[in-house]
file run24.txt (compact mmCIF, C-alpha atoms and all ligand atoms)
# COMPACT_ATOMS: atom_id res chain seq x y z
CA MET A 281 49.09 106.65 148.28
CA LEU A 282 49.20 103.12 149.68
CA ASN A 283 52.64 101.96 150.86
CA ILE A 284 53.15 98.48 152.26
CA PRO A 285 56.89 98.01 152.85
CA VAL A 286 58.67 94.67 152.77
CA SER A 287 59.37 95.05 156.48
CA ARG A 288 58.79 97.33 159.46
CA PRO A 289 60.59 96.79 162.76
CA PHE A 290 58.56 95.76 165.81
CA ILE A 291 60.13 98.34 168.09
CA GLY A 292 58.79 101.20 170.20
CA GLU A 293 58.54 102.98 173.56
CA GLU A 294 60.03 100.21 175.69
CA GLU A 295 63.16 99.98 173.53
CA ALA A 296 63.44 103.79 173.55
CA ASP A 297 63.20 103.83 177.37
CA ALA A 298 65.89 101.18 177.74
CA ALA A 299 68.23 102.96 175.29
CA ARG A 300 67.61 106.21 177.18
CA ASP A 301 68.45 104.51 180.45
CA ALA A 302 71.82 103.37 179.05
CA VAL A 303 72.55 106.90 177.80
CA ILE A 304 71.55 108.62 181.04
CA LYS A 305 73.72 106.23 183.06
CA GLY A 306 76.62 106.97 180.70
CA ASP A 307 76.97 103.24 180.02
CA ILE A 308 77.24 103.48 176.29
CA SER A 309 80.29 101.68 175.00
CA GLY A 310 80.88 98.10 174.04
CA ILE A 311 82.72 97.06 177.20
CA PHE A 312 80.86 98.79 180.01
CA GLY A 313 77.24 98.48 180.86
CA SER A 314 75.01 95.84 182.29
CA TYR A 315 72.80 95.51 179.21
CA ILE A 316 75.61 93.77 177.31
CA GLN A 317 75.83 90.95 179.84
CA GLU A 318 72.06 90.74 180.18
CA PHE A 319 71.55 90.54 176.42
CA GLU A 320 74.29 87.92 175.99
CA LYS A 321 72.99 85.81 178.88
CA GLY A 322 69.40 85.99 177.66
CA TYR A 323 70.35 85.20 174.07
CA ALA A 324 72.50 82.21 175.05
CA SER A 325 69.59 80.82 176.99
CA PHE A 326 67.23 81.47 174.05
CA CYS A 327 69.52 79.47 171.72
CA GLY A 328 70.42 76.85 174.31
CA THR A 329 74.17 77.51 174.15
CA LYS A 330 76.78 78.10 176.83
CA HIS A 331 78.08 81.35 175.33
CA ALA A 332 76.66 84.29 173.40
CA ILE A 333 79.01 87.09 172.33
CA THR A 334 77.66 90.37 170.99
CA VAL A 335 79.19 91.93 167.87
CA ASN A 336 78.23 94.91 165.75
CA SER A 337 76.72 93.15 162.70
CA GLY A 338 75.95 89.79 161.16
CA THR A 339 78.83 90.33 158.75
CA THR A 340 81.33 90.87 161.56
CA ALA A 341 79.87 87.83 163.36
CA LEU A 342 80.67 85.69 160.31
CA HIS A 343 84.15 87.14 159.92
CA LEU A 344 84.90 86.72 163.62
CA ALA A 345 83.75 83.08 163.42
CA ILE A 346 86.08 82.33 160.50
CA ALA A 347 88.99 84.13 162.19
CA THR A 348 88.33 82.39 165.52
CA LEU A 349 88.43 78.99 163.79
CA GLU A 350 91.78 80.00 162.22
CA ILE A 351 90.56 79.40 158.70
CA GLY A 352 92.83 81.17 156.22
CA PRO A 353 94.83 81.03 152.99
CA GLY A 354 94.94 77.54 151.51
CA ASP A 355 91.68 76.46 153.16
CA ASP A 356 88.42 75.69 151.39
CA VAL A 357 85.01 76.37 152.91
CA LEU A 358 81.78 74.86 151.57
CA VAL A 359 79.09 77.54 151.55
CA SER A 360 75.40 77.47 150.72
CA SER A 361 75.21 79.26 147.36
CA LEU A 362 72.06 81.35 147.81
CA THR A 363 72.61 83.84 150.60
CA ASN A 364 73.48 87.42 151.41
CA MET A 365 77.04 87.77 150.05
CA ALA A 366 78.24 88.63 153.58
CA THR A 367 78.41 84.84 154.12
CA PHE A 368 80.93 84.50 151.27
CA PHE A 369 82.80 87.73 152.06
CA ALA A 370 83.60 86.43 155.56
CA VAL A 371 85.56 83.56 153.98
CA LEU A 372 87.26 85.88 151.49
CA TYR A 373 88.28 88.39 154.21
CA GLN A 374 90.47 85.63 155.67
CA GLY A 375 91.98 84.67 152.30
CA ALA A 376 90.27 81.27 152.22
CA ARG A 377 88.35 79.90 149.21
CA PRO A 378 84.55 79.63 149.36
CA ILE A 379 83.05 76.75 147.36
CA PRO A 380 79.36 77.35 146.60
CA ILE A 381 77.04 74.39 147.07
CA ASP A 382 73.71 74.29 145.26
CA ILE A 383 70.44 74.34 147.17
CA LYS A 384 67.25 72.32 147.54
CA PRO A 385 64.48 73.59 145.24
CA ASP A 386 61.86 73.80 148.01
CA THR A 387 63.64 75.07 151.15
CA TYR A 388 66.38 77.04 149.27
CA ASN A 389 68.85 75.67 151.81
CA ILE A 390 72.08 73.78 151.12
CA ASP A 391 71.61 70.37 149.48
CA PRO A 392 73.53 67.93 151.73
CA ALA A 393 73.63 65.34 148.92
CA LEU A 394 76.05 67.59 146.98
CA LEU A 395 78.59 68.07 149.76
CA GLU A 396 80.66 64.95 149.21
CA GLU A 397 81.51 65.71 145.57
CA LYS A 398 82.70 69.24 146.46
CA LEU A 399 85.02 68.08 149.23
CA THR A 400 88.75 68.70 148.64
CA PRO A 401 91.75 67.78 150.81
CA LYS A 402 91.77 71.47 151.79
CA THR A 403 88.19 71.63 153.03
CA LYS A 404 88.14 72.92 156.60
CA ALA A 405 84.57 74.00 157.23
CA ILE A 406 81.03 74.27 156.01
CA ILE A 407 78.76 77.30 156.35
CA ILE A 408 75.06 76.60 156.24
CA VAL A 409 72.43 79.32 155.99
CA HIS A 410 68.89 78.92 157.34
CA LEU A 411 67.48 80.94 154.47
CA TYR A 412 64.35 83.08 154.82
CA GLY A 413 63.62 81.44 158.20
CA HIS A 414 63.50 77.76 157.22
CA PRO A 415 66.03 75.60 159.11
CA VAL A 416 68.57 73.53 157.21
CA ASP A 417 68.11 69.77 157.52
CA MET A 418 70.82 69.46 160.19
CA GLY A 419 70.95 65.63 160.39
CA PRO A 420 72.85 64.94 157.13
CA VAL A 421 74.94 68.12 157.55
CA MET A 422 76.17 67.11 161.01
CA GLU A 423 76.79 63.53 159.86
CA PHE A 424 78.91 64.78 156.94
CA SER A 425 80.85 67.21 159.11
CA HIS A 426 81.61 64.52 161.72
CA LYS A 427 82.70 62.06 159.05
CA TYR A 428 85.24 64.49 157.58
CA ARG A 429 86.01 66.42 160.80
CA LEU A 430 84.86 69.72 159.37
CA ARG A 431 83.93 72.76 161.39
CA VAL A 432 80.29 73.86 161.06
CA ILE A 433 79.32 77.52 161.03
CA GLU A 434 75.63 78.34 161.10
CA ASP A 435 74.44 81.59 159.52
CA VAL A 436 71.31 82.30 161.57
CA ALA A 437 70.89 85.90 160.36
CA GLU A 438 67.39 85.17 159.05
CA ALA A 439 66.15 82.47 161.37
CA HIS A 440 66.17 83.40 165.06
CA GLY A 441 63.95 80.91 166.84
CA ALA A 442 63.68 78.40 163.97
CA GLU A 443 63.90 74.76 165.02
CA TRP A 444 65.17 71.49 163.59
CA ASN A 445 63.39 68.56 165.23
CA GLY A 446 62.59 70.72 168.24
CA GLN A 447 66.12 72.09 168.71
CA ARG A 448 66.74 75.79 168.08
CA VAL A 449 69.10 76.75 165.29
CA GLY A 450 72.20 78.55 166.49
CA SER A 451 73.01 75.60 168.76
CA PHE A 452 74.32 73.07 166.20
CA GLY A 453 77.45 74.68 164.80
CA ASP A 454 80.92 75.05 166.27
CA ILE A 455 80.03 78.73 166.01
CA SER A 456 76.71 80.25 164.95
CA CYS A 457 76.31 83.78 163.63
CA HIS A 458 73.28 86.02 164.06
CA SER A 459 72.33 89.44 162.63
CA PHE A 460 70.19 92.06 164.33
CA TYR A 461 69.91 94.42 161.36
CA ALA A 462 66.72 96.52 161.16
CA ASN A 463 64.73 94.03 159.08
CA LYS A 464 65.72 90.96 161.12
CA ILE A 465 63.38 89.01 163.42
CA LEU A 466 65.06 90.49 166.49
CA THR A 467 66.70 93.86 165.88
CA THR A 468 69.06 96.30 167.55
CA GLY A 469 69.27 98.54 164.44
CA GLU A 470 72.64 97.09 163.49
CA GLY A 471 74.17 94.27 165.48
CA GLY A 472 75.01 90.61 165.70
CA MET A 473 75.91 87.72 167.98
CA LEU A 474 77.99 84.56 168.07
CA THR A 475 76.55 81.58 169.91
CA LEU A 476 78.71 78.60 170.83
CA ASN A 477 79.51 76.04 173.51
CA ASP A 478 83.30 75.68 173.39
CA ASP A 479 85.10 77.71 176.11
CA ARG A 480 88.39 77.98 174.22
CA LEU A 481 86.73 79.26 171.04
CA ALA A 482 84.59 81.67 173.09
CA ASN A 483 87.69 83.12 174.74
CA ARG A 484 89.45 83.50 171.43
CA ALA A 485 86.40 85.18 169.84
CA LYS A 486 86.09 87.60 172.78
CA THR A 487 89.77 88.49 172.49
CA LEU A 488 89.71 89.03 168.72
CA LYS A 489 86.47 91.02 168.96
CA THR A 490 88.10 93.72 171.03
CA LEU A 491 91.49 94.35 169.38
CA ALA A 492 93.09 91.35 171.10
CA PHE A 493 94.27 93.58 173.94
CA GLY A 494 96.98 92.04 176.10
CA LYS A 495 96.18 90.40 179.44
CA GLU A 496 98.96 91.91 181.55
CA ASN A 497 99.89 94.92 179.47
CA LYS A 498 96.76 95.93 177.61
CA PHE A 499 98.75 97.51 174.78
CA ILE A 500 100.89 94.50 174.02
CA HIS A 501 98.32 92.80 171.84
CA GLN A 502 97.82 89.03 171.69
CA ASP A 503 96.96 88.97 167.99
CA ILE A 504 95.70 91.17 165.15
CA GLY A 505 92.28 91.92 166.58
CA TYR A 506 89.20 93.82 165.43
CA ASN A 507 86.80 96.27 166.95
CA TYR A 508 83.52 94.41 166.49
CA ARG A 509 81.92 95.57 169.76
CA LEU A 510 78.21 96.29 170.06
CA THR A 511 77.24 99.31 172.17
CA ASN A 512 75.46 99.02 175.49
CA ILE A 513 72.71 101.26 174.02
CA GLN A 514 71.98 98.66 171.34
CA CYS A 515 72.16 95.84 173.89
CA ALA A 516 69.51 97.69 175.94
CA ILE A 517 67.26 97.52 172.87
CA GLY A 518 68.18 93.84 172.43
CA VAL A 519 67.16 93.00 175.98
CA ILE A 520 63.67 94.36 175.33
CA GLN A 521 63.44 92.69 171.91
CA LEU A 522 64.31 89.37 173.51
CA LYS A 523 61.34 89.78 175.87
CA LYS A 524 59.13 90.15 172.78
CA ILE A 525 60.63 87.34 170.73
CA ASN A 526 57.82 84.83 171.25
CA GLU A 527 55.27 87.42 170.20
CA ILE A 528 57.38 88.34 167.15
CA LEU A 529 57.63 84.67 166.13
CA ARG A 530 53.89 84.21 166.61
CA LEU A 531 53.16 87.21 164.36
CA LYS A 532 55.58 85.98 161.68
CA ARG A 533 53.98 82.56 161.63
CA SER A 534 50.46 83.93 161.51
CA MET A 535 51.40 86.28 158.64
CA ALA A 536 52.75 83.27 156.73
CA ALA A 537 49.76 81.06 157.56
CA PHE A 538 47.42 83.72 156.14
CA TYR A 539 49.41 84.14 152.91
CA THR A 540 49.66 80.35 152.44
CA GLN A 541 45.94 79.85 152.99
CA GLU A 542 45.04 82.61 150.54
CA LEU A 543 47.63 82.06 147.81
CA ASN A 544 48.05 78.29 147.64
CA ASP A 545 45.75 77.76 144.66
CA ILE A 546 47.58 80.16 142.31
CA GLU A 547 49.04 78.17 139.44
CA GLY A 548 52.74 78.95 139.00
CA LEU A 549 53.31 80.50 142.44
CA GLN A 550 55.54 78.31 144.62
CA LEU A 551 55.06 79.16 148.29
CA PRO A 552 57.38 78.60 151.27
CA VAL A 553 57.34 75.12 152.80
CA GLU A 554 57.65 73.81 156.32
CA LYS A 555 59.30 70.38 156.30
CA SER A 556 58.33 67.75 158.86
CA TYR A 557 61.58 68.36 160.78
CA ALA A 558 61.16 72.14 160.73
CA LYS A 559 59.73 75.07 162.57
CA ASN A 560 59.92 77.82 159.95
CA VAL A 561 59.97 81.37 161.35
CA TYR A 562 59.24 82.98 157.95
CA TRP A 563 61.70 85.87 158.18
CA MET A 564 60.42 86.75 154.72
CA TYR A 565 57.55 85.22 152.78
CA HIS A 566 59.52 84.21 149.70
CA VAL A 567 57.71 83.00 146.56
CA VAL A 568 59.06 81.52 143.33
CA LEU A 569 57.47 81.75 139.88
CA THR A 570 57.10 78.51 137.96
CA GLY A 571 55.14 77.19 134.92
CA SER A 572 53.03 79.86 133.25
CA LEU A 573 54.42 82.61 135.55
CA GLU A 574 58.09 81.79 134.92
CA GLY A 575 60.00 84.75 133.46
CA LYS A 576 57.33 87.24 134.59
CA ARG A 577 58.97 88.45 137.81
CA THR A 578 59.81 91.99 136.64
CA ALA A 579 56.27 92.50 135.36
CA ILE A 580 54.67 91.19 138.57
CA MET A 581 56.95 93.15 140.89
CA SER A 582 56.46 96.40 138.99
CA LYS A 583 52.66 96.00 138.93
CA LEU A 584 52.72 95.43 142.70
CA LYS A 585 54.89 98.52 143.10
CA GLU A 586 52.38 100.61 141.10
CA ARG A 587 49.78 99.51 143.66
CA GLY A 588 51.98 100.55 146.61
CA ILE A 589 53.22 97.06 147.50
CA GLU A 590 56.96 96.72 147.99
CA THR A 591 58.67 93.44 147.12
CA ARG A 592 62.33 92.38 146.91
CA GLU A 593 64.17 90.00 144.57
CA SER A 594 65.98 86.91 145.86
CA PHE A 595 69.72 87.04 146.45
CA VAL A 596 72.12 86.45 143.55
CA PRO A 597 74.34 83.39 144.16
CA PHE A 598 78.12 83.58 144.47
CA ASN A 599 78.74 81.79 141.16
CA GLN A 600 77.13 84.82 139.43
CA GLN A 601 79.23 87.48 141.20
CA ILE A 602 81.37 87.87 138.10
CA ASP A 603 82.85 91.30 138.96
CA ILE A 604 84.28 90.02 142.23
CA ILE A 605 85.46 86.73 140.75
CA LYS A 606 87.34 88.63 137.99
CA LYS A 607 88.68 91.47 140.14
CA TYR A 608 90.16 89.13 142.74
CA HIS A 609 91.20 86.42 140.26
CA LEU A 610 89.10 83.83 142.09
CA ASP A 611 88.65 80.37 140.60
CA GLN A 612 85.50 80.24 138.51
CA PRO A 613 83.10 78.42 140.86
CA HIS A 614 80.98 75.51 139.69
CA ASP A 615 77.54 76.45 138.51
CA CYS A 616 74.58 76.14 140.85
CA PRO A 617 71.57 75.67 138.54
CA ILE A 618 68.90 75.54 141.25
CA ALA A 619 70.21 78.63 143.01
CA ASN A 620 70.33 80.37 139.61
CA ARG A 621 66.68 79.57 138.94
CA ILE A 622 65.48 80.59 142.40
CA SER A 623 67.51 83.77 142.16
CA ARG A 624 65.91 84.57 138.79
CA GLU A 625 62.31 83.67 139.67
CA GLY A 626 62.07 84.41 143.41
CA PHE A 627 60.99 87.46 145.35
CA TYR A 628 59.42 88.20 148.68
CA LEU A 629 56.18 89.82 149.70
CA PRO A 630 55.71 92.33 152.54
CA SER A 631 56.55 90.22 155.59
CA GLY A 632 57.10 92.66 158.44
CA THR A 633 55.99 91.79 161.93
CA VAL A 634 54.07 95.06 161.91
CA ILE A 635 51.58 94.48 159.09
CA SER A 636 47.85 94.90 159.50
CA GLN A 637 45.21 92.38 158.48
CA LEU A 638 43.93 94.91 155.94
CA GLU A 639 47.41 95.22 154.44
CA LEU A 640 47.75 91.43 154.22
CA GLU A 641 44.37 91.20 152.50
CA THR A 642 45.38 93.95 150.07
CA VAL A 643 48.61 92.12 149.17
CA VAL A 644 46.71 88.87 148.63
CA HIS A 645 44.07 90.57 146.50
CA GLU A 646 46.65 92.30 144.28
CA VAL A 647 48.91 89.26 143.93
CA ARG A 648 45.92 87.14 142.87
CA SER A 649 44.65 89.61 140.33
CA ILE A 650 48.09 90.43 138.86
CA CYS A 651 49.10 86.76 138.57
CA ARG A 652 45.76 85.91 136.92
CA LYS A 653 46.15 88.67 134.33
CA ILE A 654 49.82 87.98 133.65
CA SER A 655 49.45 84.23 133.19
CA CYS A 656 46.78 84.92 130.54
CA ILE A 657 49.12 87.17 128.49
C1 LIG B 701 71.92 85.27 155.51
C2 LIG B 701 72.59 86.55 155.94
N1 LIG B 701 73.86 86.50 156.37
C3 LIG B 701 74.49 87.61 156.78
C4 LIG B 701 73.88 88.83 156.78
C5 LIG B 701 74.66 90.04 157.19
O1 LIG B 701 74.17 90.61 158.34
P1 LIG B 701 74.39 92.18 158.64
O2 LIG B 701 73.57 92.95 157.65
O3 LIG B 701 73.91 92.35 160.03
O4 LIG B 701 75.83 92.46 158.49
C6 LIG B 701 72.54 88.92 156.34
C7 LIG B 701 71.75 90.14 156.32
O5 LIG B 701 71.79 91.20 156.50
C8 LIG B 701 71.89 87.75 155.91
O6 LIG B 701 70.61 87.81 155.48
call {"tool": "encode", "arguments": {"input": "run24.txt", "output": "structure tokens"}}
result
Amino acid sequence: MLNIPVSRPFIGEEEADAARDAVIKGDISGIFGSYIQEFEKGYASFCGTKHAITVNSGTTALHLAIATLEIGPGDDVLVSSLTNMATFFAVLYQGARPIPIDIKPDTYNIDPALLEEKLTPKTKAIIIVHLYGHPVDMGPVMEFSHKYRLRVIEDVAEAHGAEWNGQRVGSFGDISCHSFYANKILTTGEGGMLTLNDDRLANRAKTLKTLAFGKENKFIHQDIGYNYRLTNIQCAIGVIQLKKINEILRLKRSMAAFYTQELNDIEGLQLPVEKSYAKNVYWMYHVVLTGSLEGKRTAIMSKLKERGIETRESFVPFNQQIDIIKKYHLDQPHDCPIANRISREGFYLPSGTVISQLELETVVHEVRSICRKISCI
């Protein structure tokens, strides 16, 4: 039975050897071991930042960023509405209020034109998400944040290596947050990273990351800290993944180029874009149904599944997370009509780095034939 998963990690013998080396040396924890420093140094240089700080997931990276910036109760944070809910949870963990901002209909990233009207006297920060690998248009975002002296947090979980006007994402924000979960562009199984330039914030993040141990007496703590450390074993894997990153990005882009070339004439299938300012790294090849295919997502996804092709629906925006909003008595957020539509009509095709040409051709063939039949019904 054919099975083409949404993603397979690009990982193998070399990563296994490096992890083994860390284990054999007994350098396994999140303080000791040379792979931690090597991974952090290499990743900072990849992003073009002064500091990179490993953490154990993208979610903890986001939380640590919010805590480091001392955002808390009484503060508002503007957040791109369509994202993994970890982006919103990070704000809620600290007792601050996330305000969802609707997205652009083509890049699915935050719409900078909507920021001004959502600003309140309590707004402290803005979290942008480079969704599915396409960079946010950083120009207007940075202009807005400078004008109102807001902190900028970049969620780079899905966009390692993406560029805005030639500059890598992860280097624009006061703090940028990365995820190395199994399906991410660069993976350590689970894991994450903060990238930043400010020495004071870097010191604070490093302290909070490891229980805020005291400087003179370790057990007289400086603050309420967390254990968000990444193991040296995972950093060993990260070091090898970083050596492969250019190859991974090349494979992602060639997967996307093939899909775009083969699917661009299907009526009602909106494909990913690459704006003139952007280098898209196509974490996932995300499509949106429009026109005659609108409302047919369940039918299309289940037909693909019958043929052994796995797909995944788009995220559901924060304004639709009714259970959480009710349970925690959160203010009913403003509606985000574009995010609602993309969430309802969007899904992604198999987009792993490890996907054969034959598998890509099979996906294209099945998508074409299913869409043709369904739009005639
Ligand atoms: C945009 C975004 N932010 C945050 C996260 C959370 O990262 P993690 O799963 O490593 O906690 C993810 C994905 O997993 C994500 O896609």
call {"tool": "atom_distance", "arguments": {"input": "run24.txt", "atom1": "atom CA of Ala347 of chain A", "atom2": "atom CA of Met365 of chain A"}}
result
17.4 Å
call {"tool": "closest_residue", "arguments": {"input": "run24.txt", "among": "A:Pro415, A:Pro630, A:Gly310, A:Pro289", "to": "Tyr388 of chain A", "atoms": "all atoms listed in the file"}}
result
A:Pro415
call {"tool": "residues_near_ligand", "arguments": {"input": "run24.txt", "ligand": "ligand LIG 701 (chain B)", "cutoff": "9 Å", "atoms": "all atoms listed in the file", "output": "ChimeraX atom specification"}}
result
/A:336-342,362-368,409-412,435-439,457-464,469-472
call {"tool": "residues_around", "arguments": {"input": "run24.txt", "residues": "segment 316-328 of chain A", "least_positions_apart": "5", "cutoff": "8 Å", "atoms": "only C-alpha atoms", "output": "ChimeraX atom specification"}}
result
/A:310-311,333-334,441,448-451,475,511-512,515-516,518-519,522
call {"tool": "atom_distance", "arguments": {"input": "run24.txt", "atom1": "atom CA of Asp417 of chain A", "atom2": "atom CA of Asn477 of chain A"}}
result
20.6 Å
call {"tool": "residues_around", "arguments": {"input": "run24.txt", "residues": "Gly354 of chain A", "least_positions_apart": "5", "cutoff": "9 Å", "atoms": "only C-alpha atoms", "output": "list in words"}}
result
Gly375, Ala376, Arg377 and Lys402 of chain A
call {"tool": "residues_near_point", "arguments": {"input": "run24.txt", "point": "(96.1, 90.2, 166.2)", "cutoff": "9 Å", "atoms": "only C-alpha atoms", "output": "list of chain:residue names"}}
result
A:Leu488, A:Leu491, A:Ala492, A:Phe493, A:His501, A:Gln502, A:Asp503, A:Ile504, A:Gly505, A:Tyr506
call {"tool": "closest_residue", "arguments": {"input": "run24.txt", "among": "A:Glu423, A:Glu590, A:Glu547, A:Glu554", "to": "Gly571 of chain A", "atoms": "all atoms listed in the file"}}
result
A:Glu547
call {"tool": "residues_around", "arguments": {"input": "run24.txt", "residues": "Asp355 of chain A", "least_positions_apart": "4", "cutoff": "12 Å", "atoms": "all atoms listed in the file", "output": "JSON, numbers by chain"}}
result
{"A": [346, 349, 350, 351, 371, 372, 374, 375, 376, 377, 378, 379, 399, 400, 401, 402, 403, 404, 405, 406, 430, 431]}
call {"tool": "decode", "arguments": {"input": "run24.txt", "residues": "segment 354-362 of chain A", "atoms": "all heavy atoms", "output": "short mmCIF file (atom, residue, chain, number, x, y, z; two decimals), in the first residue's frame"}}
result
data_model
loop_
_atom_site.label_atom_id
_atom_site.label_comp_id
_atom_site.auth_asym_id
_atom_site.auth_seq_id
_atom_site.Cartn_x
_atom_site.Cartn_y
_atom_site.Cartn_z
N GLY A 354 -1.52 42.49 32.42
CA GLY A 354 -1.77 43.90 32.09
C GLY A 354 -1.17 44.32 30.75
O GLY A 354 -1.44 45.40 30.26
N ASP A 355 -0.36 43.45 30.15
CA ASP A 355 0.25 43.78 28.85
C ASP A 355 -0.53 43.12 27.71
O ASP A 355 -1.02 42.00 27.86
CB ASP A 355 1.71 43.28 28.79
CG ASP A 355 2.60 43.99 29.79
OD1 ASP A 355 2.31 45.15 30.12
OD2 ASP A 355 3.59 43.37 30.24
N ASP A 356 -0.56 43.81 26.59
CA ASP A 356 -1.14 43.24 25.37
C ASP A 356 -0.03 42.92 24.38
O ASP A 356 0.97 43.64 24.30
CB ASP A 356 -2.07 44.26 24.68
CG ASP A 356 -3.40 44.42 25.42
OD1 ASP A 356 -3.67 43.62 26.33
OD2 ASP A 356 -4.14 45.35 25.05
N VAL A 357 -0.22 41.83 23.65
CA VAL A 357 0.75 41.43 22.63
C VAL A 357 0.00 41.16 21.32
O VAL A 357 -0.96 40.37 21.30
CB VAL A 357 1.53 40.16 23.07
CG1 VAL A 357 2.55 39.77 22.01
CG2 VAL A 357 2.21 40.37 24.41
N LEU A 358 0.41 41.83 20.26
CA LEU A 358 -0.21 41.61 18.95
C LEU A 358 0.40 40.36 18.33
O LEU A 358 1.63 40.23 18.27
CB LEU A 358 0.04 42.82 18.03
CG LEU A 358 -0.36 44.19 18.62
CD1 LEU A 358 0.08 45.32 17.68
CD2 LEU A 358 -1.86 44.25 18.86
N VAL A 359 -0.45 39.42 17.91
CA VAL A 359 0.06 38.13 17.43
C VAL A 359 -0.60 37.77 16.10
O VAL A 359 -1.83 37.90 15.96
CB VAL A 359 -0.24 36.99 18.46
CG1 VAL A 359 0.44 35.69 18.04
CG2 VAL A 359 0.17 37.38 19.87
N SER A 360 0.18 37.29 15.18
CA SER A 360 -0.35 36.82 13.91
C SER A 360 -1.36 35.71 14.17
O SER A 360 -1.07 34.75 14.89
CB SER A 360 0.82 36.30 13.07
OG SER A 360 0.39 36.04 11.78
N SER A 361 -2.58 35.85 13.60
CA SER A 361 -3.68 34.97 14.03
C SER A 361 -3.51 33.52 13.61
O SER A 361 -3.90 32.62 14.35
CB SER A 361 -5.00 35.51 13.50
OG SER A 361 -4.92 35.64 12.10
N LEU A 362 -2.96 33.28 12.42
CA LEU A 362 -2.89 31.89 11.93
C LEU A 362 -1.52 31.33 12.24
O LEU A 362 -0.52 31.68 11.61
CB LEU A 362 -3.16 31.83 10.43
CG LEU A 362 -3.45 30.43 9.89
CD1 LEU A 362 -4.81 29.91 10.37
CD2 LEU A 362 -3.39 30.37 8.38
#
